[in-house]
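K.L.:
The structure's right below; bear with me while I get my questions together.
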Amino acid sequence: MHILIAPNAFKNSLPAQQAALAIQKGLAASALHCTTECFPIADGGDGTGHLILQKCDGTEVNVIVNDPLCRKINASFGLIDDGKTAVIEMANASGLRLLKPDELNPMKASSYGTGQMIKHALDKGVTKIILAVGGSATVDGGCGILNALGVQFFDADGNALQPDPESLNQMASVDISNLDARLAACEIIILCDVDNRLLGNNGAAAIFGPQKGASAQNVKQLEAFLSKFSGITQQQLGKDITQLKYGGAAGGVTAGLYAFLNATLVNGIQYFLQLTHFEASLQKSNLVITGEGSIDEQTLQGKGPFGVAELAKQCNIPVIGLAGKVPLNANAELRKYFDVLLAINNEPGDLQTAMKNTEDNLVRTGTLIGNMLLM
């Protein structure tokens with residue numbers, strides 16, 4: 001038996017690569033005689049760029065950029081396809097993980113540093129940019145990125161605004177006359193792991209604002225800013241970004257870059273699996289094990305394990321899904337893609353303890369799976 005081990009990251013607990021190795025270690029400790037391949041996956045969230053570089057034999061480029069609060073930091077992006085394509089992870093410059101809990105403030109946080117990375121990539125002569133936007137600390141509609149690339153925002157009196165929502169709430173017009181001309185010849189693809197729209201109860205401010213430190217009042221302010229930005233975009237460019245699928249991802253970065261840079265928004269896991277030739281490994285396998293922190297009905301909206309399971313089912317290969325949390329009751333829709341769903345936690349406990357024990361629980365569950373397959 002050959003088993004393909006393809007988990008996503010267990011968020012805030014274990015990167016995808018370590019999760020895969022833990023499952024592999026557990027299988028090796030079982031009585032089952034099998035071969036395995038670790039194929040950690042990503043759907044646009046934290047770690048996506050790193051995994052793409054690994055799978056595509058990329059090289060890393062170190063740069064100095066601004067963090068979400070405009071402090072200078074060391075960051076990196078990657079080059080693949082003989083240097084023609086840049087792989088940029090937004091979290092490396094504009095991520096939540098760069099801020100302390102008491103620093104979270106989406107009214108002041110800007111995606112400017114990610115724009116600086118794009119500019120550095122253009123300096124390298126790339127003609128394509130793959131941008132993974134998960135894990136961002138911003139709800140600025142991509143205005144920080146655009147500002148770093150030459151776009152300017154003005155209030156009603158013609159004063160230039162800083163590229164953060166607190167200032168951009170006064171936006172009255174956008175000037176794209178100084179937009180970096182090299183972008184016209186550069187394809188931009190954004191990998192998205194959520195399909196929320198820009199505005200409304202399921203939009204960028206309402207859903208993601210609180211995760212990034214927004215108070216209830218801040219959420220209203222962010223919604224007002226994004227609404228004003230979308231209105232100006234409609235007026236000046238003739239593009240409606242309010243109904244855009246994936247438009248609310250990463251605090252609306254997707255919507256802003258779609259409108260002003262003609263970026264293409266794609267399902268992150270589908271693009272990742274195609275780019276990294278996942279199907280070639282799948283064809284050699286008798287069983288697939290995937291997983292992430294939680295598997296539920298939301299997983300079916302395009303999360304990493306669903307992308308893996310969907311392809312596996314097309315090849316009639318059984319799938320085991322592992323997660324810290326799975327539905328208590330059987331779910332017919334999940335059952336179409338996951339033959340078995342297993343919660344890896346071994347005993348009742350709080351969330352922090354469970355997350356701390358993720359690696360050990362994956363090893364133990366891997367051993368259990370191996371022994372059960374032998375029965």
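Naming works like this for the structure tokens: A, B, ... for the chains as they're shown, residue 1 at the start of each chain, ligands 1 onward in shown order.
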Hey, could you make a per-residue contact list for range 244-344 of chain A against range 103-126 of chain A with 12 Å as the cut-off, showing the nearest pair of atoms and its distance in Å to one decimal, counting only C-alpha atoms, sorted by chain and number, as CSV?

P.N.:
residue,atom,partner,partner_atom,distance
A:Ala250,CA,A:Ser111,CA,9.7
A:Gly251,CA,A:Pro106,CA,9.1
A:Gly252,CA,A:Ser111,CA,10.7
A:Val253,CA,A:Ser111,CA,8.3
A:Thr254,CA,A:Ser111,CA,11.7
A:Gly256,CA,A:Ser111,CA,11.3
A:Leu257,CA,A:Gly115,CA,10.5
A:Leu261,CA,A:Gly115,CA,11.7

K.L.:
Pull N, CA and C atoms from the residues just selected and write them as a tab-separated table (two decimals), in the first residue's frame.

P.N.:
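Result file again04.tsv:
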chain	number	residue	atom	x	y	z
A	250	ALA	N	-8.46	38.75	2.72
A	250	ALA	CA	-7.34	39.57	3.18
A	250	ALA	C	-7.72	41.04	3.34
A	251	GLY	N	-8.90	41.26	3.91
A	251	GLY	CA	-9.33	42.64	4.14
A	251	GLY	C	-9.58	43.43	2.87
A	252	GLY	N	-10.00	42.73	1.81
A	252	GLY	CA	-10.33	43.41	0.56
A	252	GLY	C	-9.16	43.66	-0.36
A	253	VAL	N	-7.98	43.14	-0.03
A	253	VAL	CA	-6.82	43.28	-0.93
A	253	VAL	C	-7.15	42.76	-2.33
A	254	THR	N	-7.87	41.66	-2.37
A	254	THR	CA	-8.22	41.04	-3.65
A	254	THR	C	-9.04	41.99	-4.52
A	256	GLY	N	-9.21	45.35	-4.36
A	256	GLY	CA	-8.41	46.49	-4.80
A	256	GLY	C	-7.46	46.15	-5.92
A	257	LEU	N	-6.81	44.99	-5.84
A	257	LEU	CA	-5.85	44.61	-6.87
A	257	LEU	C	-6.53	44.12	-8.13
A	261	LEU	N	-5.07	46.60	-10.69
A	261	LEU	CA	-3.94	45.90	-11.30
A	261	LEU	C	-4.39	44.77	-12.21

K.L.:
Would you list the contacts of range 323-325 of chain A as a list of chain:residue names, taking every protein, DNA or RNA residue within 8 Å and counting only C-alpha atoms, but skipping same-chain residues closer than 6 positions in sequence?

P.N.:
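Skipping anything fewer than 6 positions along the chain leaves A:Gly291, A:Glu292, A:Gly293, A:Ser294, A:Ile295, A:Leu341, A:Leu342, A:Ala343, A:Ile344, A:Asn345, A:Ala354, A:Thr358.
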
K.L.:
Generate the output file for the selected residues, N, CA, C and O atoms, as a PDB file, in the first residue's frame.

P.N.:
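To be explicit, this is the file written out as part02.pdb:
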ATOM      1  N   GLY A 291      -5.895  16.821   6.104  1.00  0.00           N
ATOM      2  CA  GLY A 291      -6.404  17.356   7.361  1.00  0.00           C
ATOM      3  C   GLY A 291      -6.016  18.800   7.579  1.00  0.00           C
ATOM      4  O   GLY A 291      -5.220  19.385   6.839  1.00  0.00           O
ATOM      5  N   GLU A 292      -6.605  19.399   8.615  1.00  0.00           N
ATOM      6  CA  GLU A 292      -6.251  20.722   9.118  1.00  0.00           C
ATOM      7  C   GLU A 292      -6.932  20.903  10.471  1.00  0.00           C
ATOM      8  O   GLU A 292      -7.526  19.959  11.001  1.00  0.00           O
ATOM      9  N   GLY A 293      -6.860  22.088  11.027  1.00  0.00           N
ATOM     10  CA  GLY A 293      -7.350  22.299  12.383  1.00  0.00           C
ATOM     11  C   GLY A 293      -8.796  21.905  12.588  1.00  0.00           C
ATOM     12  O   GLY A 293      -9.160  21.313  13.608  1.00  0.00           O
ATOM     13  N   SER A 294      -9.657  22.233  11.615  1.00  0.00           N
ATOM     14  CA  SER A 294     -11.071  21.896  11.718  1.00  0.00           C
ATOM     15  C   SER A 294     -11.588  21.481  10.348  1.00  0.00           C
ATOM     16  O   SER A 294     -11.253  22.102   9.339  1.00  0.00           O
ATOM     17  N   ILE A 295     -12.370  20.423  10.319  1.00  0.00           N
ATOM     18  CA  ILE A 295     -13.034  20.007   9.088  1.00  0.00           C
ATOM     19  C   ILE A 295     -14.529  20.000   9.356  1.00  0.00           C
ATOM     20  O   ILE A 295     -15.016  19.288  10.242  1.00  0.00           O
ATOM     21  N   LEU A 341     -13.596  10.536   8.842  1.00  0.00           N
ATOM     22  CA  LEU A 341     -13.157  11.757   9.523  1.00  0.00           C
ATOM     23  C   LEU A 341     -12.787  11.397  10.951  1.00  0.00           C
ATOM     24  O   LEU A 341     -13.593  10.802  11.677  1.00  0.00           O
ATOM     25  N   LEU A 342     -11.575  11.748  11.363  1.00  0.00           N
ATOM     26  CA  LEU A 342     -11.117  11.432  12.708  1.00  0.00           C
ATOM     27  C   LEU A 342     -10.683  12.694  13.431  1.00  0.00           C
ATOM     28  O   LEU A 342      -9.909  13.497  12.896  1.00  0.00           O
ATOM     29  N   ALA A 343     -11.175  12.864  14.653  1.00  0.00           N
ATOM     30  CA  ALA A 343     -10.667  13.922  15.531  1.00  0.00           C
ATOM     31  C   ALA A 343      -9.407  13.393  16.213  1.00  0.00           C
ATOM     32  O   ALA A 343      -9.410  12.291  16.758  1.00  0.00           O
ATOM     33  N   ILE A 344      -8.339  14.147  16.162  1.00  0.00           N
ATOM     34  CA  ILE A 344      -7.047  13.643  16.652  1.00  0.00           C
ATOM     35  C   ILE A 344      -6.880  13.777  18.161  1.00  0.00           C
ATOM     36  O   ILE A 344      -5.981  13.177  18.740  1.00  0.00           O
ATOM     37  N   ASN A 345      -7.730  14.575  18.820  1.00  0.00           N
ATOM     38  CA  ASN A 345      -7.572  14.782  20.260  1.00  0.00           C
ATOM     39  C   ASN A 345      -7.991  13.525  21.021  1.00  0.00           C
ATOM     40  O   ASN A 345      -9.010  12.904  20.714  1.00  0.00           O
ATOM     41  N   ALA A 354      -4.920  21.420  23.499  1.00  0.00           N
ATOM     42  CA  ALA A 354      -5.089  20.617  22.283  1.00  0.00           C
ATOM     43  C   ALA A 354      -4.119  21.061  21.195  1.00  0.00           C
ATOM     44  O   ALA A 354      -3.478  20.233  20.526  1.00  0.00           O
ATOM     45  N   THR A 358      -0.806  18.984  19.218  1.00  0.00           N
ATOM     46  CA  THR A 358      -1.175  18.584  17.857  1.00  0.00           C
ATOM     47  C   THR A 358      -0.204  17.582  17.251  1.00  0.00           C
ATOM     48  O   THR A 358      -0.608  16.565  16.676  1.00  0.00           O
TER      49      THR A 358
END

K.L.:
According to DSSP computed on the backbone, where in range 59-245 of chain A is there helix (DSSP H, G or I)? Give the residues as a PyMOL selection string.

P.N.:
chain A and resi 91-94+96-98+101-103+112-123+143-148+165-168+181-185+204-208+210-212+216-237

K.L.:
Write the residues of the preceding selection, restricted to C-alpha atoms, as an mmCIF file, in the first residue's frame.

P.N.:
data_model
loop_
_atom_site.group_PDB
_atom_site.id
_atom_site.type_symbol
_atom_site.label_atom_id
_atom_site.label_comp_id
_atom_site.auth_asym_id
_atom_site.auth_seq_id
_atom_site.Cartn_x
_atom_site.Cartn_y
_atom_site.Cartn_z
ATOM 1 C CA ALA A 91 1.950 37.539 5.629
ATOM 2 C CA ASN A 92 5.726 37.976 5.291
ATOM 3 C CA ALA A 93 5.326 41.767 5.145
ATOM 4 C CA SER A 94 1.771 42.503 6.264
ATOM 5 C CA LEU A 96 -0.772 39.129 11.830
ATOM 6 C CA ARG A 97 2.215 37.148 13.064
ATOM 7 C CA LEU A 98 4.396 40.263 12.777
ATOM 8 C CA PRO A 101 -1.521 41.004 20.439
ATOM 9 C CA ASP A 102 -1.661 44.523 21.875
ATOM 10 C CA GLU A 103 -0.496 46.003 18.538
ATOM 11 C CA TYR A 112 2.236 48.878 2.018
ATOM 12 C CA GLY A 113 5.062 46.404 2.714
ATOM 13 C CA THR A 114 3.500 43.816 0.402
ATOM 14 C CA GLY A 115 3.474 46.465 -2.320
ATOM 15 C CA GLN A 116 7.172 47.019 -1.674
ATOM 16 C CA MET A 117 7.786 43.298 -2.202
ATOM 17 C CA ILE A 118 5.894 43.447 -5.498
ATOM 18 C CA LYS A 119 8.099 46.380 -6.518
ATOM 19 C CA HIS A 120 11.250 44.418 -5.617
ATOM 20 C CA ALA A 121 9.940 41.508 -7.711
ATOM 21 C CA LEU A 122 9.425 43.832 -10.680
ATOM 22 C CA ASP A 123 13.007 45.012 -10.205
ATOM 23 C CA CYS A 143 -4.674 50.530 -0.790
ATOM 24 C CA GLY A 144 -1.321 50.112 0.959
ATOM 25 C CA ILE A 145 -0.060 47.865 -1.839
ATOM 26 C CA LEU A 146 -1.363 50.260 -4.469
ATOM 27 C CA ASN A 147 0.251 53.242 -2.744
ATOM 28 C CA ALA A 148 3.641 51.510 -2.725
ATOM 29 C CA PRO A 165 -8.103 53.035 6.861
ATOM 30 C CA GLU A 166 -8.036 55.701 9.564
ATOM 31 C CA SER A 167 -6.777 58.207 6.981
ATOM 32 C CA LEU A 168 -8.464 56.658 3.947
ATOM 33 C CA ALA A 181 4.256 51.074 -15.700
ATOM 34 C CA ARG A 182 5.895 47.644 -15.478
ATOM 35 C CA LEU A 183 2.674 46.224 -14.022
ATOM 36 C CA ALA A 184 1.005 46.466 -17.427
ATOM 37 C CA ALA A 185 3.183 43.601 -18.650
ATOM 38 C CA ALA A 204 -14.080 41.893 4.844
ATOM 39 C CA ALA A 205 -14.808 44.214 7.792
ATOM 40 C CA ALA A 206 -17.516 42.194 9.538
ATOM 41 C CA ILE A 207 -15.867 38.778 9.284
ATOM 42 C CA PHE A 208 -12.148 39.492 9.314
ATOM 43 C CA PRO A 210 -12.475 41.366 14.627
ATOM 44 C CA GLN A 211 -9.850 38.679 13.936
ATOM 45 C CA LYS A 212 -7.379 41.505 13.310
ATOM 46 C CA ALA A 216 -17.450 46.911 16.967
ATOM 47 C CA GLN A 217 -16.990 50.616 16.211
ATOM 48 C CA ASN A 218 -13.922 49.881 14.083
ATOM 49 C CA VAL A 219 -15.919 47.364 12.040
ATOM 50 C CA LYS A 220 -18.432 50.094 11.174
ATOM 51 C CA GLN A 221 -15.602 52.470 10.244
ATOM 52 C CA LEU A 222 -13.890 49.839 8.101
ATOM 53 C CA GLU A 223 -17.157 48.998 6.346
ATOM 54 C CA ALA A 224 -17.720 52.698 5.620
ATOM 55 C CA PHE A 225 -14.198 53.058 4.216
ATOM 56 C CA LEU A 226 -14.511 49.980 1.989
ATOM 57 C CA SER A 227 -17.920 51.146 0.789
ATOM 58 C CA LYS A 228 -16.502 54.569 -0.094
ATOM 59 C CA PHE A 229 -13.507 52.946 -1.831
ATOM 60 C CA SER A 230 -15.785 50.700 -3.900
ATOM 61 C CA GLY A 231 -17.922 53.683 -4.904
ATOM 62 C CA ILE A 232 -14.898 55.674 -6.072
ATOM 63 C CA THR A 233 -13.603 52.612 -7.935
ATOM 64 C CA GLN A 234 -16.943 52.230 -9.689
ATOM 65 C CA GLN A 235 -16.992 55.914 -10.589
ATOM 66 C CA GLN A 236 -13.403 56.189 -11.851
ATOM 67 C CA LEU A 237 -12.817 52.744 -13.362
#

K.L.:
I'd like the neighbourhood of Lys336 in chain A as a PyMOL selection string, where a residue qualifies if any of its atoms comes within 12 Å (using only C-alpha atoms), though same-chain residues fewer than 6 positions away should be ignored.

P.N.:
chain A and resi 297+300+306+309-310+312-314+316+318-320+330

K.L.:
With N, CA, C and O atoms kept, could you save the residues just selected as a PDB file, in the first residue's frame?

P.N.:
ATOM      1  N   GLU A 297     -18.519  21.814   7.389  1.00  0.00           N
ATOM      2  CA  GLU A 297     -19.144  22.190   6.110  1.00  0.00           C
ATOM      3  C   GLU A 297     -18.412  23.342   5.416  1.00  0.00           C
ATOM      4  O   GLU A 297     -18.419  23.436   4.195  1.00  0.00           O
ATOM      5  N   LEU A 300     -15.871  22.599   2.670  1.00  0.00           N
ATOM      6  CA  LEU A 300     -16.341  22.341   1.309  1.00  0.00           C
ATOM      7  C   LEU A 300     -16.401  23.593   0.448  1.00  0.00           C
ATOM      8  O   LEU A 300     -16.657  23.508  -0.753  1.00  0.00           O
ATOM      9  N   PHE A 306     -10.465  19.884   1.238  1.00  0.00           N
ATOM     10  CA  PHE A 306     -11.497  19.622   0.231  1.00  0.00           C
ATOM     11  C   PHE A 306     -10.880  19.500  -1.153  1.00  0.00           C
ATOM     12  O   PHE A 306     -11.243  18.614  -1.937  1.00  0.00           O
ATOM     13  N   ALA A 309      -9.311  16.102  -1.333  1.00  0.00           N
ATOM     14  CA  ALA A 309     -10.310  15.038  -1.364  1.00  0.00           C
ATOM     15  C   ALA A 309     -11.070  15.009  -2.680  1.00  0.00           C
ATOM     16  O   ALA A 309     -11.384  13.932  -3.213  1.00  0.00           O
ATOM     17  N   GLU A 310     -11.361  16.170  -3.228  1.00  0.00           N
ATOM     18  CA  GLU A 310     -12.091  16.250  -4.491  1.00  0.00           C
ATOM     19  C   GLU A 310     -11.305  15.569  -5.613  1.00  0.00           C
ATOM     20  O   GLU A 310     -11.861  14.777  -6.395  1.00  0.00           O
ATOM     21  N   ALA A 312      -8.894  13.329  -5.223  1.00  0.00           N
ATOM     22  CA  ALA A 312      -8.761  11.909  -4.897  1.00  0.00           C
ATOM     23  C   ALA A 312     -10.018  11.141  -5.304  1.00  0.00           C
ATOM     24  O   ALA A 312      -9.937  10.031  -5.845  1.00  0.00           O
ATOM     25  N   LYS A 313     -11.174  11.736  -5.047  1.00  0.00           N
ATOM     26  CA  LYS A 313     -12.426  11.063  -5.385  1.00  0.00           C
ATOM     27  C   LYS A 313     -12.584  10.914  -6.893  1.00  0.00           C
ATOM     28  O   LYS A 313     -13.158   9.933  -7.375  1.00  0.00           O
ATOM     29  N   GLN A 314     -12.069  11.875  -7.660  1.00  0.00           N
ATOM     30  CA  GLN A 314     -12.109  11.762  -9.114  1.00  0.00           C
ATOM     31  C   GLN A 314     -11.282  10.573  -9.595  1.00  0.00           C
ATOM     32  O   GLN A 314     -11.532  10.026 -10.673  1.00  0.00           O
ATOM     33  N   ASN A 316     -11.037   7.828  -7.651  1.00  0.00           N
ATOM     34  CA  ASN A 316     -11.556   6.689  -6.887  1.00  0.00           C
ATOM     35  C   ASN A 316     -10.585   6.214  -5.803  1.00  0.00           C
ATOM     36  O   ASN A 316     -10.435   5.012  -5.558  1.00  0.00           O
ATOM     37  N   PRO A 318      -9.665   6.361  -1.776  1.00  0.00           N
ATOM     38  CA  PRO A 318     -10.280   6.702  -0.488  1.00  0.00           C
ATOM     39  C   PRO A 318      -9.485   7.771   0.260  1.00  0.00           C
ATOM     40  O   PRO A 318      -8.262   7.893   0.097  1.00  0.00           O
ATOM     41  N   VAL A 319     -10.214   8.547   1.076  1.00  0.00           N
ATOM     42  CA  VAL A 319      -9.628   9.687   1.782  1.00  0.00           C
ATOM     43  C   VAL A 319      -9.957   9.620   3.272  1.00  0.00           C
ATOM     44  O   VAL A 319     -11.119   9.423   3.652  1.00  0.00           O
ATOM     45  N   ILE A 320      -8.934   9.798   4.095  1.00  0.00           N
ATOM     46  CA  ILE A 320      -9.108   9.954   5.536  1.00  0.00           C
ATOM     47  C   ILE A 320      -8.800  11.408   5.878  1.00  0.00           C
ATOM     48  O   ILE A 320      -7.750  11.937   5.501  1.00  0.00           O
ATOM     49  N   ALA A 330     -22.971  12.775  11.724  1.00  0.00           N
ATOM     50  CA  ALA A 330     -22.598  12.460  10.339  1.00  0.00           C
ATOM     51  C   ALA A 330     -23.122  13.539   9.397  1.00  0.00           C
ATOM     52  O   ALA A 330     -24.227  14.044   9.559  1.00  0.00           O
TER      53      ALA A 330
END

K.L.:
How would you write, as a PyMOL selection string, the set of residues in range 82-269 of chain A that DSSP gives as strand (DSSP E or B)?

P.N.:
chain A and resi 85-89+95+128-132+136+152-154+160+173-175+187-192+264-267

K.L.:
How would the residues just chosen look if you wrote them out with C-alpha atoms as a PDB file, in the first residue's frame?

P.N.:
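Listing of selection22.pdb after writing:
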ATOM      1  CA  THR A  85       7.640  34.276 -11.709  1.00  0.00           C
ATOM      2  CA  ALA A  86       7.647  35.749  -8.216  1.00  0.00           C
ATOM      3  CA  VAL A  87       5.900  33.989  -5.329  1.00  0.00           C
ATOM      4  CA  ILE A  88       4.930  36.509  -2.670  1.00  0.00           C
ATOM      5  CA  GLU A  89       3.323  35.741   0.668  1.00  0.00           C
ATOM      6  CA  GLY A  95       0.915  39.537   8.466  1.00  0.00           C
ATOM      7  CA  LYS A 128       4.177  36.964 -13.363  1.00  0.00           C
ATOM      8  CA  ILE A 129       3.409  37.292  -9.658  1.00  0.00           C
ATOM      9  CA  ILE A 130       1.660  34.671  -7.532  1.00  0.00           C
ATOM     10  CA  LEU A 131       0.359  36.332  -4.378  1.00  0.00           C
ATOM     11  CA  ALA A 132      -0.848  34.340  -1.351  1.00  0.00           C
ATOM     12  CA  SER A 136      -2.848  39.410   6.805  1.00  0.00           C
ATOM     13  CA  GLN A 152      -2.228  58.118  -4.614  1.00  0.00           C
ATOM     14  CA  PHE A 153      -5.367  58.767  -2.581  1.00  0.00           C
ATOM     15  CA  PHE A 154      -6.752  62.255  -1.911  1.00  0.00           C
ATOM     16  CA  ALA A 160      -2.704  63.192  -0.053  1.00  0.00           C
ATOM     17  CA  SER A 173     -10.447  60.469  -5.333  1.00  0.00           C
ATOM     18  CA  VAL A 174      -7.738  58.130  -6.592  1.00  0.00           C
ATOM     19  CA  ASP A 175      -4.864  59.093  -8.898  1.00  0.00           C
ATOM     20  CA  GLU A 187       0.302  38.923 -14.752  1.00  0.00           C
ATOM     21  CA  ILE A 188      -0.878  38.901 -11.121  1.00  0.00           C
ATOM     22  CA  ILE A 189      -2.620  35.842  -9.689  1.00  0.00           C
ATOM     23  CA  ILE A 190      -4.021  35.960  -6.148  1.00  0.00           C
ATOM     24  CA  LEU A 191      -4.550  32.686  -4.290  1.00  0.00           C
ATOM     25  CA  CYS A 192      -7.660  32.979  -2.106  1.00  0.00           C
ATOM     26  CA  THR A 264      -6.881  37.327 -11.399  1.00  0.00           C
ATOM     27  CA  LEU A 265      -8.493  35.829  -8.288  1.00  0.00           C
ATOM     28  CA  VAL A 266      -8.370  32.034  -8.029  1.00  0.00           C
ATOM     29  CA  ASN A 267      -9.217  29.266  -5.608  1.00  0.00           C
TER      30      ASN A 267
END

K.L.:
Counting only C-alpha atoms, which of A:Met90, A:Ile241, A:Leu322, A:Ala137 gets nearest to Gly49 in chain A?

P.N.:
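Checking each candidate against Gly49 in chain A, we get A:Met90 as the closest.
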
K.L.:
Which residues are close to Thr36 in chain A, i.e. within 10 Å by only C-alpha atoms, leaving aside same-chain residues fewer than 4 positions away? Reply as a compact mmCIF listing (two decimals) with N, CA and C atoms, in the first residue's frame.

P.N.:
# COMPACT_ATOMS: atom_id res chain seq x y z
N MET A 1 0.84 -1.21 0.00
CA MET A 1 0.00 0.00 0.00
C MET A 1 0.87 1.25 0.00
N HIS A 2 0.50 2.20 -0.85
CA HIS A 2 1.21 3.48 -0.88
C HIS A 2 0.25 4.58 -0.42
N ILE A 3 0.64 5.33 0.60
CA ILE A 3 -0.23 6.34 1.21
C ILE A 3 0.34 7.72 0.94
N LEU A 4 -0.51 8.59 0.42
CA LEU A 4 -0.14 9.98 0.18
C LEU A 4 -0.63 10.82 1.36
N ILE A 5 0.31 11.50 2.01
CA ILE A 5 0.01 12.29 3.21
C ILE A 5 0.02 13.76 2.82
N ILE A 23 2.30 12.54 10.85
CA ILE A 23 1.44 11.43 10.40
C ILE A 23 2.30 10.29 9.85
N GLN A 24 3.32 10.65 9.07
CA GLN A 24 4.23 9.64 8.52
C GLN A 24 4.93 8.87 9.63
N LEU A 27 2.48 6.36 11.13
CA LEU A 27 2.30 5.19 10.27
C LEU A 27 3.50 4.25 10.36
N ALA A 28 4.70 4.83 10.41
CA ALA A 28 5.92 4.01 10.49
C ALA A 28 5.98 3.23 11.80
N SER A 285 -1.01 6.47 -5.65
CA SER A 285 -1.42 6.22 -4.27
C SER A 285 -2.65 5.32 -4.16
N LEU A 287 -4.24 5.36 -0.97
CA LEU A 287 -4.99 6.02 0.10
C LEU A 287 -4.42 7.42 0.29
N VAL A 288 -5.29 8.37 0.60
CA VAL A 288 -4.86 9.74 0.89
C VAL A 288 -5.26 10.10 2.32

K.L.:
Check the smallest atom-to-atom distance from each of A:Asp296, A:Asp67, A:Asp43, A:Asp157 to Leu328 in chain A using only C-alpha atoms, then report the winner.

P.N.:
A:Asp296

K.L.:
Work out how far apart CA of His33 in chain A and CA of Leu373 in chain A are and give it in Å to one decimal.

P.N.:
9.9 Å
